[in-house]
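What follows is final.pdb (PDB, N, CA and C atoms and all ligand atoms).
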```pdb
MODEL        1
ATOM      1  N   MET K   4      80.831 -65.395 138.140
ATOM      2  CA  MET K   4      82.229 -65.646 138.527
ATOM      3  C   MET K   4      82.396 -65.503 140.043
ATOM      4  N   THR K   5      83.166 -66.402 140.634
ATOM      5  CA  THR K   5      83.452 -66.308 142.068
ATOM      6  C   THR K   5      84.798 -65.605 142.269
ATOM      7  N   TRP K   6      85.110 -65.268 143.501
ATOM      8  CA  TRP K   6      86.401 -64.624 143.776
ATOM      9  C   TRP K   6      87.549 -65.571 143.448
ATOM     10  N   ASP K   7      87.345 -66.858 143.656
ATOM     11  CA  ASP K   7      88.386 -67.839 143.333
ATOM     12  C   ASP K   7      88.673 -67.866 141.837
ATOM     13  N   GLU K   8      87.613 -67.812 141.056
ATOM     14  CA  GLU K   8      87.784 -67.820 139.602
ATOM     15  C   GLU K   8      88.441 -66.522 139.138
ATOM     16  N   MET K   9      88.168 -65.463 139.842
ATOM     17  CA  MET K   9      88.730 -64.175 139.480
ATOM     18  C   MET K   9      90.253 -64.187 139.606
ATOM     19  N   ASP K  10      90.719 -64.913 140.589
ATOM     20  CA  ASP K  10      92.153 -65.089 140.781
ATOM     21  C   ASP K  10      92.817 -65.573 139.496
ATOM     22  N   ASP K  11      92.202 -66.540 138.849
ATOM     23  CA  ASP K  11      92.751 -67.091 137.608
ATOM     24  C   ASP K  11      92.774 -66.039 136.502
ATOM     25  N   VAL K  12      91.723 -65.253 136.420
ATOM     26  CA  VAL K  12      91.658 -64.234 135.373
ATOM     27  C   VAL K  12      92.706 -63.160 135.620
ATOM     28  N   ILE K  13      92.898 -62.797 136.876
ATOM     29  CA  ILE K  13      93.881 -61.752 137.194
ATOM     30  C   ILE K  13      95.283 -62.180 136.776
ATOM     31  N   PHE K  14      95.601 -63.447 136.991
ATOM     32  CA  PHE K  14      96.951 -63.900 136.637
ATOM     33  C   PHE K  14      97.099 -64.259 135.159
ATOM     34  N   ASP K  15      96.080 -64.846 134.585
ATOM     35  CA  ASP K  15      96.216 -65.377 133.227
ATOM     36  C   ASP K  15      95.422 -64.623 132.166
ATOM     37  N   GLY K  16      94.542 -63.755 132.580
ATOM     38  CA  GLY K  16      93.680 -63.083 131.616
ATOM     39  C   GLY K  16      94.385 -61.974 130.857
ATOM     40  N   THR K  17      93.732 -61.491 129.827
ATOM     41  CA  THR K  17      94.257 -60.358 129.068
ATOM     42  C   THR K  17      93.928 -59.075 129.812
ATOM     43  N   LYS K  18      94.563 -57.990 129.396
ATOM     44  CA  LYS K  18      94.311 -56.695 130.020
ATOM     45  C   LYS K  18      92.824 -56.335 129.916
ATOM     46  N   ASN K  19      92.269 -56.635 128.782
ATOM     47  CA  ASN K  19      90.857 -56.353 128.566
ATOM     48  C   ASN K  19      89.967 -57.124 129.538
ATOM     49  N   GLU K  20      90.275 -58.395 129.721
ATOM     50  CA  GLU K  20      89.489 -59.225 130.656
ATOM     51  C   GLU K  20      89.633 -58.718 132.091
ATOM     52  N   VAL K  21      90.858 -58.357 132.439
ATOM     53  CA  VAL K  21      91.104 -57.882 133.802
ATOM     54  C   VAL K  21      90.380 -56.561 134.048
ATOM     55  N   ASN K  22      90.404 -55.678 133.052
ATOM     56  CA  ASN K  22      89.737 -54.380 133.200
ATOM     57  C   ASN K  22      88.224 -54.512 133.327
ATOM     58  N   ASN K  23      87.709 -55.630 132.859
ATOM     59  CA  ASN K  23      86.261 -55.812 132.892
ATOM     60  C   ASN K  23      85.776 -56.643 134.072
ATOM     61  N   LEU K  24      86.663 -56.953 134.991
ATOM     62  CA  LEU K  24      86.262 -57.751 136.147
ATOM     63  C   LEU K  24      85.305 -56.963 137.042
ATOM     64  N   LYS K  25      84.247 -57.655 137.448
ATOM     65  CA  LYS K  25      83.256 -57.023 138.328
ATOM     66  C   LYS K  25      83.096 -57.873 139.582
ATOM     67  N   CYS K  26      82.789 -57.227 140.665
ATOM     68  CA  CYS K  26      82.547 -57.920 141.926
ATOM     69  C   CYS K  26      81.359 -58.871 141.764
ATOM     70  N   PRO K  27      81.516 -60.141 142.152
ATOM     71  CA  PRO K  27      80.411 -61.096 142.021
ATOM     72  C   PRO K  27      79.253 -60.777 142.955
ATOM     73  N   ASP K  28      79.504 -59.985 143.968
ATOM     74  CA  ASP K  28      78.453 -59.693 144.940
ATOM     75  C   ASP K  28      77.645 -58.440 144.600
ATOM     76  N   CYS K  29      78.306 -57.401 144.070
ATOM     77  CA  CYS K  29      77.576 -56.144 143.846
ATOM     78  C   CYS K  29      77.784 -55.565 142.451
ATOM     79  N   ASN K  30      78.596 -56.242 141.622
ATOM     80  CA  ASN K  30      78.782 -55.819 140.237
ATOM     81  C   ASN K  30      79.577 -54.522 140.073
ATOM     82  N   THR K  31      80.263 -54.119 141.122
ATOM     83  CA  THR K  31      81.134 -52.941 141.025
ATOM     84  C   THR K  31      82.457 -53.363 140.399
ATOM     85  N   LYS K  32      83.073 -52.447 139.662
ATOM     86  CA  LYS K  32      84.357 -52.748 139.049
ATOM     87  C   LYS K  32      85.385 -53.102 140.133
ATOM     88  N   VAL K  33      86.124 -54.165 139.901
ATOM     89  CA  VAL K  33      87.147 -54.618 140.847
ATOM     90  C   VAL K  33      88.428 -53.803 140.668
ATOM     91  N   TYR K  34      89.037 -53.392 141.765
ATOM     92  CA  TYR K  34      90.312 -52.677 141.643
ATOM     93  C   TYR K  34      91.460 -53.658 141.842
ATOM     94  N   ILE K  35      92.531 -53.425 141.109
ATOM     95  CA  ILE K  35      93.688 -54.306 141.181
ATOM     96  C   ILE K  35      94.945 -53.457 141.217
ATOM     97  N   GLN K  36      95.854 -53.804 142.100
ATOM     98  CA  GLN K  36      97.109 -53.076 142.194
ATOM     99  C   GLN K  36      98.239 -54.091 142.302
ATOM    100  N   TYR K  37      99.236 -53.933 141.455
ATOM    101  CA  TYR K  37     100.372 -54.844 141.513
ATOM    102  C   TYR K  37     101.659 -54.056 141.621
ATOM    103  N   THR K  38     102.452 -54.352 142.628
ATOM    104  CA  THR K  38     103.763 -53.712 142.791
ATOM    105  C   THR K  38     104.829 -54.756 142.526
ATOM    106  N   ALA K  39     105.479 -54.606 141.381
ATOM    107  CA  ALA K  39     106.427 -55.628 140.927
ATOM    108  C   ALA K  39     107.570 -55.840 141.917
ATOM    109  N   LYS K  40     108.033 -54.763 142.528
ATOM    110  CA  LYS K  40     109.169 -54.830 143.441
ATOM    111  C   LYS K  40     108.946 -55.860 144.554
ATOM    112  N   TRP K  41     107.757 -55.913 145.093
ATOM    113  CA  TRP K  41     107.459 -56.830 146.195
ATOM    114  C   TRP K  41     106.642 -58.035 145.730
ATOM    115  N   GLY K  42     106.245 -58.035 144.500
ATOM    116  CA  GLY K  42     105.323 -59.060 144.050
ATOM    117  C   GLY K  42     104.014 -58.958 144.809
ATOM    118  N   ALA K  43     103.679 -57.726 145.174
ATOM    119  CA  ALA K  43     102.493 -57.507 145.995
ATOM    120  C   ALA K  43     101.272 -57.259 145.121
ATOM    121  N   LEU K  44     100.314 -58.124 145.253
ATOM    122  CA  LEU K  44      99.084 -57.989 144.480
ATOM    123  C   LEU K  44      97.911 -57.766 145.430
ATOM    124  N   THR K  45      97.205 -56.688 145.196
ATOM    125  CA  THR K  45      96.031 -56.386 146.010
ATOM    126  C   THR K  45      94.845 -56.187 145.086
ATOM    127  N   TYR K  46      93.763 -56.835 145.381
ATOM    128  CA  TYR K  46      92.566 -56.589 144.589
ATOM    129  C   TYR K  46      91.331 -56.796 145.455
ATOM    130  N   GLY K  47      90.250 -56.257 144.987
ATOM    131  CA  GLY K  47      89.029 -56.405 145.769
ATOM    132  C   GLY K  47      87.946 -55.456 145.322
ATOM    133  N   CYS K  48      86.943 -55.337 146.177
ATOM    134  CA  CYS K  48      85.791 -54.484 145.887
ATOM    135  C   CYS K  48      85.680 -53.445 146.992
ATOM    136  N   LYS K  49      85.753 -52.177 146.603
ATOM    137  CA  LYS K  49      85.685 -51.114 147.604
ATOM    138  C   LYS K  49      84.300 -51.022 148.220
ATOM    139  N   LYS K  50      83.309 -51.348 147.449
ATOM    140  CA  LYS K  50      81.943 -51.234 147.956
ATOM    141  C   LYS K  50      81.648 -52.282 149.031
ATOM    142  N   CYS K  51      82.080 -53.527 148.773
ATOM    143  CA  CYS K  51      81.835 -54.615 149.730
ATOM    144  C   CYS K  51      82.909 -54.679 150.815
ATOM    145  N   GLY K  52      84.027 -53.982 150.577
ATOM    146  CA  GLY K  52      85.117 -54.049 151.533
ATOM    147  C   GLY K  52      85.932 -55.316 151.418
ATOM    148  N   ARG K  53      85.749 -56.030 150.322
ATOM    149  CA  ARG K  53      86.511 -57.260 150.107
ATOM    150  C   ARG K  53      87.928 -56.904 149.648
ATOM    151  N   VAL K  54      88.915 -57.438 150.327
ATOM    152  CA  VAL K  54      90.302 -57.177 149.940
ATOM    153  C   VAL K  54      91.071 -58.484 149.935
ATOM    154  N   VAL K  55      91.784 -58.747 148.863
ATOM    155  CA  VAL K  55      92.655 -59.918 148.777
ATOM    156  C   VAL K  55      94.074 -59.397 148.595
ATOM    157  N   LYS K  56      94.987 -59.838 149.441
ATOM    158  CA  LYS K  56      96.376 -59.397 149.335
ATOM    159  C   LYS K  56      97.284 -60.602 149.188
ATOM    160  N   LEU K  57      98.121 -60.558 148.183
ATOM    161  CA  LEU K  57      99.074 -61.637 147.966
ATOM    162  C   LEU K  57     100.488 -61.060 147.976
ATOM    163  N   CYS K  58     101.409 -61.798 148.575
ATOM    164  CA  CYS K  58     102.810 -61.384 148.596
ATOM    165  C   CYS K  58     103.621 -62.324 147.719
ATOM    166  N   LYS K  59     104.683 -61.791 147.149
ATOM    167  CA  LYS K  59     105.561 -62.593 146.303
ATOM    168  C   LYS K  59     104.763 -63.312 145.219
ATOM    169  N   ALA K  60     103.794 -62.642 144.693
ATOM    170  CA  ALA K  60     102.993 -63.213 143.609
ATOM    171  C   ALA K  60     103.752 -63.069 142.299
ATOM    172  N   PRO K  61     103.623 -64.029 141.405
ATOM    173  CA  PRO K  61     104.234 -63.880 140.087
ATOM    174  C   PRO K  61     103.559 -62.721 139.347
ATOM    175  N   GLU K  62     104.286 -62.132 138.419
ATOM    176  CA  GLU K  62     103.718 -60.992 137.692
ATOM    177  C   GLU K  62     102.523 -61.442 136.865
ATOM    178  N   PRO K  63     101.386 -60.788 137.048
ATOM    179  CA  PRO K  63     100.214 -61.153 136.246
ATOM    180  C   PRO K  63     100.474 -60.921 134.763
ATOM    181  N   ASN K  64      99.870 -61.743 133.962
ATOM    182  CA  ASN K  64     100.027 -61.696 132.518
ATOM    183  C   ASN K  64      99.711 -60.320 131.919
ATOM    184  N   TYR K  65      98.678 -59.660 132.413
ATOM    185  CA  TYR K  65      98.225 -58.404 131.795
ATOM    186  C   TYR K  65      99.250 -57.275 131.951
ATOM    187  N   ILE K  66     100.118 -57.356 132.963
ATOM    188  CA  ILE K  66     101.107 -56.299 133.211
ATOM    189  C   ILE K  66     102.045 -56.133 132.015
ATOM    190  N   SER K  67     102.509 -57.245 131.487
ATOM    191  CA  SER K  67     103.484 -57.190 130.403
ATOM    192  C   SER K  67     102.827 -57.224 129.030
ATOM    193  N   GLU K  68     101.521 -57.214 129.005
ATOM    194  CA  GLU K  68     100.817 -57.284 127.728
ATOM    195  C   GLU K  68     101.028 -56.014 126.894
TER     196      GLU K  68
HETATM  197 ZN    ZN K 101      81.244 -55.745 145.746
ENDMDL
END
```
Written as structure tokens, how would this file's structure read?
Amino acid sequence: MTWDEMDDVIFDGTKNEVNNLKCPDCNTKVYIQYTAKWGALTYGCKKCGRVVKLCKAPEPNYISE
């Protein structure tokens, strides 16, 4: 899985799928944080230092699951 594909899973995947996301580069568990108030979505890999930040993002599917 690439980081681009991961974007799709974060928004449309189930909670189980999201919890099982791993960094494509080092296989470390991906962290995800969503703040509904701002629509702020942050995810990435702490080991690689990869961080993706989105503003005004729609609520990911897994949040309301
Ligand atoms: Zn990584």
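With only C-alpha atoms and all ligand atoms counted, the chains near ligand ZN 101 (chain K) contribute these residues within 6 Å: Cys26, Asp28, Cys29, Thr31, Cys48, Lys50 and Cys51 of chain K.
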Non-local contacts of Lys25 in chain K (8 Å; all atoms listed in the file; under 5 positions in same chain excluded) as a VMD selection string: chain K and resid 4 20 30 to 34 47 to 48
Calculate how many Å separate atom C of Ala39 in chain K from CA of Ser67 in chain K, rounding to one decimal. 12.3 Å
Neighbour list for Glu8 in chain K as a list in words, cut-off 12 Å, only C-alpha atoms, skip fewer than 3 positions in-chain: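 Everything that qualifies: Met4, Thr5, Asp11, Val12, Ile13, Phe14, Asp15, Gly16, Val21, Leu24, Lys25, Cys26 and Pro27 of chain K.
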Output for the residues just chosen: N, CA and C atoms as an mmCIF file, in the coordinates of the input:
```cif
data_model
loop_
_atom_site.group_PDB
_atom_site.id
_atom_site.type_symbol
_atom_site.label_atom_id
_atom_site.label_comp_id
_atom_site.auth_asym_id
_atom_site.auth_seq_id
_atom_site.Cartn_x
_atom_site.Cartn_y
_atom_site.Cartn_z
ATOM 1 N N MET K 4 80.831 -65.395 138.140
ATOM 2 C CA MET K 4 82.229 -65.646 138.527
ATOM 3 C C MET K 4 82.396 -65.503 140.043
ATOM 4 N N THR K 5 83.166 -66.402 140.634
ATOM 5 C CA THR K 5 83.452 -66.308 142.068
ATOM 6 C C THR K 5 84.798 -65.605 142.269
ATOM 7 N N ASP K 11 92.202 -66.540 138.849
ATOM 8 C CA ASP K 11 92.751 -67.091 137.608
ATOM 9 C C ASP K 11 92.774 -66.039 136.502
ATOM 10 N N VAL K 12 91.723 -65.253 136.420
ATOM 11 C CA VAL K 12 91.658 -64.234 135.373
ATOM 12 C C VAL K 12 92.706 -63.160 135.620
ATOM 13 N N ILE K 13 92.898 -62.797 136.876
ATOM 14 C CA ILE K 13 93.881 -61.752 137.194
ATOM 15 C C ILE K 13 95.283 -62.180 136.776
ATOM 16 N N PHE K 14 95.601 -63.447 136.991
ATOM 17 C CA PHE K 14 96.951 -63.900 136.637
ATOM 18 C C PHE K 14 97.099 -64.259 135.159
ATOM 19 N N ASP K 15 96.080 -64.846 134.585
ATOM 20 C CA ASP K 15 96.216 -65.377 133.227
ATOM 21 C C ASP K 15 95.422 -64.623 132.166
ATOM 22 N N GLY K 16 94.542 -63.755 132.580
ATOM 23 C CA GLY K 16 93.680 -63.083 131.616
ATOM 24 C C GLY K 16 94.385 -61.974 130.857
ATOM 25 N N VAL K 21 90.858 -58.357 132.439
ATOM 26 C CA VAL K 21 91.104 -57.882 133.802
ATOM 27 C C VAL K 21 90.380 -56.561 134.048
ATOM 28 N N LEU K 24 86.663 -56.953 134.991
ATOM 29 C CA LEU K 24 86.262 -57.751 136.147
ATOM 30 C C LEU K 24 85.305 -56.963 137.042
ATOM 31 N N LYS K 25 84.247 -57.655 137.448
ATOM 32 C CA LYS K 25 83.256 -57.023 138.328
ATOM 33 C C LYS K 25 83.096 -57.873 139.582
ATOM 34 N N CYS K 26 82.789 -57.227 140.665
ATOM 35 C CA CYS K 26 82.547 -57.920 141.926
ATOM 36 C C CYS K 26 81.359 -58.871 141.764
ATOM 37 N N PRO K 27 81.516 -60.141 142.152
ATOM 38 C CA PRO K 27 80.411 -61.096 142.021
ATOM 39 C C PRO K 27 79.253 -60.777 142.955
#
```
Using the chain letters and numbers from the file, which residues does the PyMOL selection byres (((chain K and resi 18) around 7) and not hetatm) grab, as a VMD selection string? chain K and resid 16 to 17 19 to 23 64 to 66 68
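Taking only chain K, the residues that DSSP calls strand (DSSP E or B) from the backbone come to Lys25, Lys32, Tyr34, Ile35, Gln36, Tyr37, Thr38, Ala43, Leu44, Thr45, Tyr46, Gly47, Cys48, Arg53, Val54, Val55, Lys56 and Leu57 of chain K.
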Produce a file of the selected residues containing N, CA and C atoms, as a JSON list (two decimals), keeping the file's coordinate frame.
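The resulting file, out-v8.json, is shown below:
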```json
[["chain", "number", "residue", "atom", "x", "y", "z"],
["K", 25, "LYS", "N", 84.25, -57.66, 137.45],
["K", 25, "LYS", "CA", 83.26, -57.02, 138.33],
["K", 25, "LYS", "C", 83.10, -57.87, 139.58],
["K", 32, "LYS", "N", 83.07, -52.45, 139.66],
["K", 32, "LYS", "CA", 84.36, -52.75, 139.05],
["K", 32, "LYS", "C", 85.38, -53.10, 140.13],
["K", 34, "TYR", "N", 89.04, -53.39, 141.76],
["K", 34, "TYR", "CA", 90.31, -52.68, 141.64],
["K", 34, "TYR", "C", 91.46, -53.66, 141.84],
["K", 35, "ILE", "N", 92.53, -53.42, 141.11],
["K", 35, "ILE", "CA", 93.69, -54.31, 141.18],
["K", 35, "ILE", "C", 94.94, -53.46, 141.22],
["K", 36, "GLN", "N", 95.85, -53.80, 142.10],
["K", 36, "GLN", "CA", 97.11, -53.08, 142.19],
["K", 36, "GLN", "C", 98.24, -54.09, 142.30],
["K", 37, "TYR", "N", 99.24, -53.93, 141.46],
["K", 37, "TYR", "CA", 100.37, -54.84, 141.51],
["K", 37, "TYR", "C", 101.66, -54.06, 141.62],
["K", 38, "THR", "N", 102.45, -54.35, 142.63],
["K", 38, "THR", "CA", 103.76, -53.71, 142.79],
["K", 38, "THR", "C", 104.83, -54.76, 142.53],
["K", 43, "ALA", "N", 103.68, -57.73, 145.17],
["K", 43, "ALA", "CA", 102.49, -57.51, 146.00],
["K", 43, "ALA", "C", 101.27, -57.26, 145.12],
["K", 44, "LEU", "N", 100.31, -58.12, 145.25],
["K", 44, "LEU", "CA", 99.08, -57.99, 144.48],
["K", 44, "LEU", "C", 97.91, -57.77, 145.43],
["K", 45, "THR", "N", 97.20, -56.69, 145.20],
["K", 45, "THR", "CA", 96.03, -56.39, 146.01],
["K", 45, "THR", "C", 94.84, -56.19, 145.09],
["K", 46, "TYR", "N", 93.76, -56.84, 145.38],
["K", 46, "TYR", "CA", 92.57, -56.59, 144.59],
["K", 46, "TYR", "C", 91.33, -56.80, 145.46],
["K", 47, "GLY", "N", 90.25, -56.26, 144.99],
["K", 47, "GLY", "CA", 89.03, -56.40, 145.77],
["K", 47, "GLY", "C", 87.95, -55.46, 145.32],
["K", 48, "CYS", "N", 86.94, -55.34, 146.18],
["K", 48, "CYS", "CA", 85.79, -54.48, 145.89],
["K", 48, "CYS", "C", 85.68, -53.44, 146.99],
["K", 53, "ARG", "N", 85.75, -56.03, 150.32],
["K", 53, "ARG", "CA", 86.51, -57.26, 150.11],
["K", 53, "ARG", "C", 87.93, -56.90, 149.65],
["K", 54, "VAL", "N", 88.92, -57.44, 150.33],
["K", 54, "VAL", "CA", 90.30, -57.18, 149.94],
["K", 54, "VAL", "C", 91.07, -58.48, 149.94],
["K", 55, "VAL", "N", 91.78, -58.75, 148.86],
["K", 55, "VAL", "CA", 92.66, -59.92, 148.78],
["K", 55, "VAL", "C", 94.07, -59.40, 148.60],
["K", 56, "LYS", "N", 94.99, -59.84, 149.44],
["K", 56, "LYS", "CA", 96.38, -59.40, 149.34],
["K", 56, "LYS", "C", 97.28, -60.60, 149.19],
["K", 57, "LEU", "N", 98.12, -60.56, 148.18],
["K", 57, "LEU", "CA", 99.07, -61.64, 147.97],
["K", 57, "LEU", "C", 100.49, -61.06, 147.98]]
```
Determine the residue set returned by the PyMOL selection byres (((chain K and resi 56-60) around 6) and not hetatm) for the present structure, and present it as a list of chain:residue names.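 With the shown file as input, the PyMOL selection byres (((chain K and resi 56-60) around 6) and not hetatm) matches K:Trp41, K:Gly42, K:Ala43, K:Leu44, K:Thr45, K:Tyr46, K:Val54, K:Val55, K:Pro61, K:Glu62.
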Could you check how far CA of Lys40 in chain K sits from CA of Pro63 in chain K, in Å to one decimal?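 Straight-line distance from CA of Lys40 in chain K to CA of Pro63 in chain K works out to 13.1 Å.
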Run DSSP on the backbone and grab whatever in chain K lands in alpha helix (DSSP H); send it over as a PyMOL selection string. chain K and resi 6-15+18-22
Box for range 40-49 of chain K: with edges along x, y and z, all listed atoms inside and 5 Å added on each side, what are the centre and edge lengths in Å to one decimal, as JSON?
```
{"center_x": 96.7, "center_y": -55.0, "center_z": 145.4, "size_x": 34.9, "size_y": 18.0, "size_z": 15.7}
```
What separates atom N of Arg53 in chain K and atom C of Asp10 in chain K is a distance of 16.1 Å
